[in-house]
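Visitor: One structure follows; several queries about it will come next.
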Amino acid sequence: MNIKILGTGCVNCRNLEALTERAVAELELDISITDVTDIADIMSYGVMSTPALVIDDEVVMAGRVPGYDSVRDAIASHT
Amino acid sequence: MTDIDDSVSHPEDPPRPATRRLPPPGMMAVFVLSTVAWWIAYQANKPLWDWLIYDTIHMSVDGRTGSAVHFFLYDTTKIVLLLAGIIFVITVLRSFMSVERTRSLLGGRREGVGNVMAAGLGTITPFCSCSAVPAFIGFVAAGVPLGVTMSFLIASPMVNEVAVILLYGLFGLDIAALYVGSGLVVAVVAGWVIGKLRLERWVEPFVFETRLDGKVVDPAAGLNWNERVLMGKQEVAIIIGKVWPFLVVGIALGAVLHGWAPQDLFTKWAGNGNPFGVLVAVLLGIPLYSNAAGAIPLVEVLHAKGMAMGTVLAFMMSIVALSLPEMILLRRVLKLPLIGVFVAVVGTGIVATGYMFNAVL
């Protein structure tokens, strides 16, 4: 399993990353979170609105910071 | 540039529970109660501070200190209430739109009609300037002409909810409507002019090579009401968190001017009589980005002390539409000469609007 945060470093991107780190810690998963900041790479996922959460190369959410529970549930459903 | 008519709906996706058209009854009740509570707070604002400042601690209604303190407390409460209430409502409504939907609506549109649509969509599409670069590339990839994309990028920050709400709160509905209308006209005309100039050679070449691959992800698809409400709350927290220091400083300066400055202080340099007033206001507005919230309470006092309304509107437009941080972002996709043209065309439009309103109002 791999998790990526797509975003150019805006406040919302950092907020999403913090939620994701918390969820990974709570689920006791041993995976690292990768930041994708290059515009061409971000757009190769079909994403125009940042931040976006990508789990196993599938875009799970884009353009908003979801609530903590939905981040955790999204990660849990991929394990 | 082959993905012109890609769709943003994904019929083959696993079904998510469909978004209800109306919120569930429990949430509806909370909405109604919150609206009533908000309205009571808004109505109680003035009597509360009248009672506290004038009746309880007995500051004089006619005294300068009393009226300045009253102005500060009353205006701060009023603007925070307006911002919180309206940003929440606008964000929830806008969660039904997305840049991705706007992109597919504008894809392949001709100039002219495209510019009008782009400016209109720019005001209702939720858009963060941090997404300006991917949005620009996505629009170009979808075959949206450069000038039409520009109309969107001009209207989106200019018809800015914070600016419109504050104008409404401080000057009333007429002025806010005038601002929205003239902002849209500037965005349509400026985008159209930029399109006619055929400046595609000043777009960074990588823009034309970057592809939006795979299925385009539409963030507005399949959201439920809890998610929309969460987005509304987040937006209120983000905007108020960002603007409150400017707001407090702006209102404090406004309060001082309100109490102490002579009535006609600004009539001379920013009144109707000074032909350079609008020009100076527009130039001053460029470095003042994100201080829109702080600038408006100040502008309210400048207007009360003689600044002409056309100058006020031009100043506001310049603050939100011509901002250094946005130009730095756009520099990643546009070459410097095109940024120069952008500033010149939009700036000219704003200055013209300012003079026109000074002449007719």
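In the structure tokens, chains take the letters A, B, ... in the order shown, each chain's residues start at 1, and ligands count up from 1 in the order shown.
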Within chain A, find each residue whose DSSP state, derived from the backbone, is helix (DSSP H, G or I), and express the selection as a ChimeraX atom specification.

Guide: /A:11-26,39-43,68-76

Visitor: Keeping C-alpha atoms for every residue in the selection just given, could you write it to a file as a compact mmCIF listing (two decimals), in the first residue's frame?

Guide:
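Contents of selection25.txt, freshly written:
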# COMPACT_ATOMS: atom_id res chain seq x y z
CA VAL A 11 -2.18 25.27 3.95
CA ASN A 12 -4.89 22.77 3.02
CA CYS A 13 -2.29 20.34 1.67
CA ARG A 14 -0.45 20.39 4.99
CA ASN A 15 -3.75 19.95 6.86
CA LEU A 16 -4.60 16.90 4.77
CA GLU A 17 -1.13 15.48 5.33
CA ALA A 18 -1.47 15.91 9.10
CA LEU A 19 -4.84 14.07 9.08
CA THR A 20 -3.36 11.28 6.98
CA GLU A 21 -0.36 10.87 9.30
CA ARG A 22 -2.71 10.68 12.28
CA ALA A 23 -4.84 8.04 10.57
CA VAL A 24 -1.80 5.94 9.60
CA ALA A 25 -0.55 6.11 13.19
CA GLU A 26 -3.95 5.18 14.62
CA ILE A 39 2.34 20.08 -11.37
CA ALA A 40 2.75 17.60 -14.24
CA ASP A 41 2.79 14.67 -11.79
CA ILE A 42 -0.30 15.99 -9.99
CA MET A 43 -2.15 16.39 -13.27
CA TYR A 68 -10.64 12.88 9.97
CA ASP A 69 -13.05 9.93 10.03
CA SER A 70 -13.37 9.76 6.25
CA VAL A 71 -9.58 9.82 5.81
CA ARG A 72 -9.19 6.99 8.32
CA ASP A 73 -12.01 4.97 6.76
CA ALA A 74 -10.60 5.44 3.26
CA ILE A 75 -7.18 4.18 4.37
CA ALA A 76 -8.69 1.32 6.40

Visitor: At a cut-off of 8 Å, using only C-alpha atoms, what residues contact A:Thr8? Leave out same-chain residues fewer than 3 positions from it and give the result as a PyMOL selection string.

Guide: (chain A and resi 13+36-39+50-51) or (chain B and resi 130)

Visitor: Using the selection just defined, write its residues with all heavy atoms as a tab-separated table (two decimals), in the first residue's frame.

Guide:
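Result went into selection39.tsv, see below:
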chain	number	residue	atom	x	y	z
A	13	CYS	N	-3.06	21.55	1.93
A	13	CYS	CA	-2.29	20.34	1.67
A	13	CYS	C	-1.64	19.85	2.96
A	13	CYS	O	-1.62	18.65	3.25
A	13	CYS	CB	-1.22	20.60	0.62
A	13	CYS	SG	-1.82	21.46	-0.83
A	36	VAL	N	3.50	14.67	-3.47
A	36	VAL	CA	3.68	14.90	-4.90
A	36	VAL	C	3.42	16.38	-5.15
A	36	VAL	O	2.30	16.86	-4.99
A	36	VAL	CB	2.72	14.03	-5.73
A	36	VAL	CG1	2.90	14.31	-7.21
A	36	VAL	CG2	2.96	12.57	-5.43
A	37	THR	N	4.49	17.14	-5.48
A	37	THR	CA	4.33	18.58	-5.60
A	37	THR	C	4.50	19.08	-7.03
A	37	THR	O	4.18	20.22	-7.32
A	37	THR	CB	5.35	19.33	-4.71
A	37	THR	OG1	6.64	18.83	-5.02
A	37	THR	CG2	5.07	19.08	-3.24
A	38	ASP	N	4.98	18.21	-7.92
A	38	ASP	CA	5.20	18.64	-9.29
A	38	ASP	C	3.87	18.70	-10.04
A	38	ASP	O	3.07	17.76	-10.00
A	38	ASP	CB	6.15	17.65	-9.99
A	38	ASP	CG	6.44	18.09	-11.42
A	38	ASP	OD1	7.23	19.03	-11.58
A	38	ASP	OD2	5.83	17.52	-12.35
A	39	ILE	N	3.63	19.85	-10.72
A	39	ILE	CA	2.34	20.08	-11.37
A	39	ILE	C	2.02	18.97	-12.38
A	39	ILE	O	0.91	18.43	-12.39
A	39	ILE	CB	2.34	21.44	-12.11
A	39	ILE	CG1	2.44	22.58	-11.10
A	39	ILE	CG2	1.09	21.59	-12.96
A	39	ILE	CD1	1.18	22.83	-10.34
A	50	THR	N	-6.38	20.92	-5.83
A	50	THR	CA	-5.59	20.35	-4.75
A	50	THR	C	-6.19	20.79	-3.41
A	50	THR	O	-6.90	21.78	-3.37
A	50	THR	CB	-4.14	20.84	-4.85
A	50	THR	OG1	-4.13	22.26	-4.87
A	50	THR	CG2	-3.46	20.28	-6.08
A	51	PRO	N	-5.92	20.09	-2.32
A	51	PRO	CA	-5.10	18.88	-2.23
A	51	PRO	C	-5.90	17.64	-2.63
A	51	PRO	O	-7.11	17.68	-2.65
A	51	PRO	CB	-4.76	18.83	-0.75
A	51	PRO	CG	-5.94	19.44	-0.07
A	51	PRO	CD	-6.45	20.50	-1.02
B	130	CYS	N	-4.40	28.85	-4.91
B	130	CYS	CA	-3.32	27.84	-4.90
B	130	CYS	C	-3.52	26.81	-6.00
B	130	CYS	O	-2.58	26.11	-6.39
B	130	CYS	CB	-3.23	27.16	-3.53
B	130	CYS	SG	-4.80	26.54	-2.92

Visitor: Can you list every residue of chain A that has an atom at most 7 Å from chain B, with its nearest atom pair and the distance in Å to one decimal, using only C-alpha atoms, ordered by chain then number, as JSON lines?

Guide:
{"residue": "A:Cys10", "atom": "CA", "partner": "B:Cys130", "partner_atom": "CA", "distance": 6.5}
{"residue": "A:Ile39", "atom": "CA", "partner": "B:Pro134", "partner_atom": "CA", "distance": 6.6}
{"residue": "A:Ala40", "atom": "CA", "partner": "B:Thr210", "partner_atom": "CA", "distance": 5.9}
{"residue": "A:Met43", "atom": "CA", "partner": "B:Leu212", "partner_atom": "CA", "distance": 4.9}
{"residue": "A:Ser44", "atom": "CA", "partner": "B:Asp213", "partner_atom": "CA", "distance": 4.6}
{"residue": "A:Tyr45", "atom": "CA", "partner": "B:Asp213", "partner_atom": "CA", "distance": 6.0}
{"residue": "A:Gly46", "atom": "CA", "partner": "B:Val216", "partner_atom": "CA", "distance": 4.4}
{"residue": "A:Val47", "atom": "CA", "partner": "B:Val217", "partner_atom": "CA", "distance": 5.7}
{"residue": "A:Met48", "atom": "CA", "partner": "B:Pro134", "partner_atom": "CA", "distance": 5.2}
{"residue": "A:Ser49", "atom": "CA", "partner": "B:Ser131", "partner_atom": "CA", "distance": 5.8}
{"residue": "A:Thr50", "atom": "CA", "partner": "B:Ser131", "partner_atom": "CA", "distance": 6.2}
{"residue": "A:Met61", "atom": "CA", "partner": "B:Pro219", "partner_atom": "CA", "distance": 6.9}
{"residue": "A:Ala62", "atom": "CA", "partner": "B:Pro219", "partner_atom": "CA", "distance": 5.3}
{"residue": "A:Gly63", "atom": "CA", "partner": "B:Pro219", "partner_atom": "CA", "distance": 5.5}

Visitor: Fewer than 5 positions away in the same chain doesn't count, so skip those; otherwise give me all residues within 8 Å of B:Glu300, counting only C-alpha atoms, as a PyMOL selection string.

Guide: chain B and resi 170-171+254

Visitor: Could you list, as a PyMOL selection string, every residue within 12 Å of B:Leu284, counting only C-alpha atoms and ignoring same-chain residues fewer than 2 positions away?

Guide: chain B and resi 277-282+286-289+291+295+311-312+314-320+322-323+347

Visitor: Taking the DSSP assignment computed from this structure's backbone, write out as JSON, numbers by chain all residues of chain A that belong to strand (DSSP E).

Guide: {"A": [3, 4, 5, 6, 33, 34, 35, 36, 52, 53, 54, 55, 58, 59, 60, 61, 62]}

Visitor: Pull all heavy atoms from the residues just selected and write them as a CSV table (one decimal), in the first residue's frame.

Guide:
chain,number,residue,atom,x,y,z
A,3,ILE,N,0.6,5.7,0.0
A,3,ILE,CA,-0.3,6.8,0.1
A,3,ILE,C,0.5,8.1,-0.4
A,3,ILE,O,1.6,8.3,0.0
A,3,ILE,CB,-0.7,7.0,1.6
A,3,ILE,CG1,-1.5,5.8,2.1
A,3,ILE,CG2,-1.5,8.3,1.8
A,3,ILE,CD1,-2.0,6.0,3.5
A,4,LYS,N,-0.2,8.9,-1.2
A,4,LYS,CA,0.4,10.1,-1.7
A,4,LYS,C,-0.5,11.3,-1.4
A,4,LYS,O,-1.8,11.1,-1.5
A,4,LYS,CB,0.6,10.0,-3.2
A,4,LYS,CG,1.7,9.0,-3.6
A,4,LYS,CD,1.8,8.8,-5.1
A,4,LYS,CE,2.8,7.7,-5.4
A,4,LYS,NZ,2.5,7.1,-6.7
A,5,ILE,N,0.1,12.4,-1.1
A,5,ILE,CA,-0.7,13.6,-1.0
A,5,ILE,C,-0.3,14.5,-2.2
A,5,ILE,O,0.9,14.9,-2.3
A,5,ILE,CB,-0.3,14.4,0.3
A,5,ILE,CG1,-0.4,13.5,1.5
A,5,ILE,CG2,-1.1,15.7,0.4
A,5,ILE,CD1,-1.8,13.3,2.0
A,6,LEU,N,-1.2,14.9,-3.0
A,6,LEU,CA,-1.0,15.7,-4.2
A,6,LEU,C,-1.3,17.2,-3.7
A,6,LEU,O,-2.4,17.5,-3.3
A,6,LEU,CB,-1.8,15.4,-5.4
A,6,LEU,CG,-2.0,13.9,-5.8
A,6,LEU,CD1,-2.7,13.8,-7.1
A,6,LEU,CD2,-0.7,13.2,-5.9
A,33,ILE,N,4.2,8.3,3.8
A,33,ILE,CA,3.4,9.1,3.0
A,33,ILE,C,4.3,10.0,2.0
A,33,ILE,O,5.2,10.6,2.5
A,33,ILE,CB,2.5,10.1,3.8
A,33,ILE,CG1,1.7,9.2,4.8
A,33,ILE,CG2,1.7,11.0,3.0
A,33,ILE,CD1,1.1,10.0,5.9
A,34,THR,N,4.0,9.9,0.7
A,34,THR,CA,4.8,10.7,-0.2
A,34,THR,C,4.1,12.0,-0.6
A,34,THR,O,2.9,11.9,-0.9
A,34,THR,CB,5.0,9.8,-1.5
A,34,THR,OG1,5.2,8.5,-1.1
A,34,THR,CG2,6.2,10.3,-2.3
A,35,ASP,N,4.8,13.1,-0.7
A,35,ASP,CA,4.3,14.3,-1.2
A,35,ASP,C,4.5,14.4,-2.7
A,35,ASP,O,5.7,14.2,-3.1
A,35,ASP,CB,5.0,15.5,-0.5
A,35,ASP,CG,4.5,15.7,0.9
A,35,ASP,OD1,3.3,15.5,1.1
A,35,ASP,OD2,5.3,16.1,1.7
A,36,VAL,N,3.5,14.7,-3.5
A,36,VAL,CA,3.7,14.9,-4.9
A,36,VAL,C,3.4,16.4,-5.2
A,36,VAL,O,2.3,16.9,-5.0
A,36,VAL,CB,2.7,14.0,-5.7
A,36,VAL,CG1,2.9,14.3,-7.2
A,36,VAL,CG2,3.0,12.6,-5.4
A,52,ALA,N,-5.2,16.6,-2.9
A,52,ALA,CA,-5.8,15.3,-3.2
A,52,ALA,C,-5.1,14.2,-2.5
A,52,ALA,O,-3.9,14.2,-2.2
A,52,ALA,CB,-5.8,15.0,-4.7
A,53,LEU,N,-5.9,13.2,-2.1
A,53,LEU,CA,-5.4,12.0,-1.4
A,53,LEU,C,-5.4,10.8,-2.3
A,53,LEU,O,-6.5,10.5,-2.9
A,53,LEU,CB,-6.3,11.7,-0.2
A,53,LEU,CG,-5.9,10.5,0.7
A,53,LEU,CD1,-4.5,10.6,1.3
A,53,LEU,CD2,-7.0,10.3,1.8
A,54,VAL,N,-4.2,10.2,-2.5
A,54,VAL,CA,-4.1,9.1,-3.5
A,54,VAL,C,-3.7,7.8,-2.7
A,54,VAL,O,-2.7,7.9,-2.0
A,54,VAL,CB,-3.1,9.4,-4.6
A,54,VAL,CG1,-2.9,8.2,-5.5
A,54,VAL,CG2,-3.6,10.6,-5.4
A,55,ILE,N,-4.5,6.8,-2.7
A,55,ILE,CA,-4.1,5.5,-2.1
A,55,ILE,C,-4.0,4.5,-3.1
A,55,ILE,O,-4.9,4.2,-3.9
A,55,ILE,CB,-5.2,5.1,-1.0
A,55,ILE,CG1,-5.4,6.2,0.0
A,55,ILE,CG2,-4.8,3.8,-0.3
A,55,ILE,CD1,-6.5,6.0,1.0
A,58,GLU,N,-5.0,5.3,-6.6
A,58,GLU,CA,-6.4,5.7,-6.9
A,58,GLU,C,-6.7,7.0,-6.1
A,58,GLU,O,-6.4,7.1,-5.0
A,58,GLU,CB,-7.3,4.6,-6.4
A,58,GLU,CG,-8.8,4.9,-6.7
A,58,GLU,CD,-9.7,4.1,-5.8
A,58,GLU,OE1,-9.2,3.1,-5.2
A,58,GLU,OE2,-10.8,4.5,-5.6
A,59,VAL,N,-7.2,8.0,-6.9
A,59,VAL,CA,-7.6,9.3,-6.2
A,59,VAL,C,-8.8,9.0,-5.4
A,59,VAL,O,-9.9,8.7,-5.9
A,59,VAL,CB,-7.9,10.4,-7.3
A,59,VAL,CG1,-8.2,11.7,-6.6
A,59,VAL,CG2,-6.7,10.5,-8.2
A,60,VAL,N,-8.7,9.2,-4.1
A,60,VAL,CA,-9.8,9.0,-3.1
A,60,VAL,C,-10.6,10.3,-2.9
A,60,VAL,O,-11.8,10.2,-2.8
A,60,VAL,CB,-9.2,8.4,-1.8
A,60,VAL,CG1,-10.4,8.2,-0.8
A,60,VAL,CG2,-8.5,7.1,-2.1
A,61,MET,N,-9.9,11.4,-2.7
A,61,MET,CA,-10.5,12.7,-2.5
A,61,MET,C,-9.7,13.8,-3.2
A,61,MET,O,-8.5,13.7,-3.2
A,61,MET,CB,-10.6,13.0,-1.1
A,61,MET,CG,-11.5,12.2,-0.2
A,61,MET,SD,-10.9,12.2,1.5
A,61,MET,CE,-11.8,10.8,2.1
A,62,ALA,N,-10.4,14.8,-3.7
A,62,ALA,CA,-9.7,15.9,-4.3
A,62,ALA,C,-10.4,17.2,-4.0
A,62,ALA,O,-11.6,17.2,-3.8
A,62,ALA,CB,-9.5,15.8,-5.8

Visitor: How many Å separate atom CA of B:Leu184 from atom CA of B:Gly306?

Guide: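 One can read the atom CA of B:Leu184 to atom CA of B:Gly306 distance as 26.8 Å.
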
Visitor: So the first atom is atom CA of B:Ile251 and the second is atom CA of B:Val360; what is the distance between them in Å, to one decimal place?

Guide: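 So the two atoms, atom CA of B:Ile251 and atom CA of B:Val360, lie 29.2 Å apart.
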
Visitor: Ranking B:Val249, B:Leu178, B:Gly294, B:Thr77 by minimum distance to B:Met356 and counting only C-alpha atoms, which one comes first?

Guide: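 Nearest to B:Met356: B:Leu178.
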
Visitor: Just want the 12 Å neighbourhood of B:Leu197, counted on only C-alpha atoms, with same-chain residues fewer than 5 positions away dropped. Output as a list in words.

Guide: Leu146, Gly147, Ala190, Gly191, Trp192, Trp202, Leu338, Val341, Phe342 and Val345 of chain B
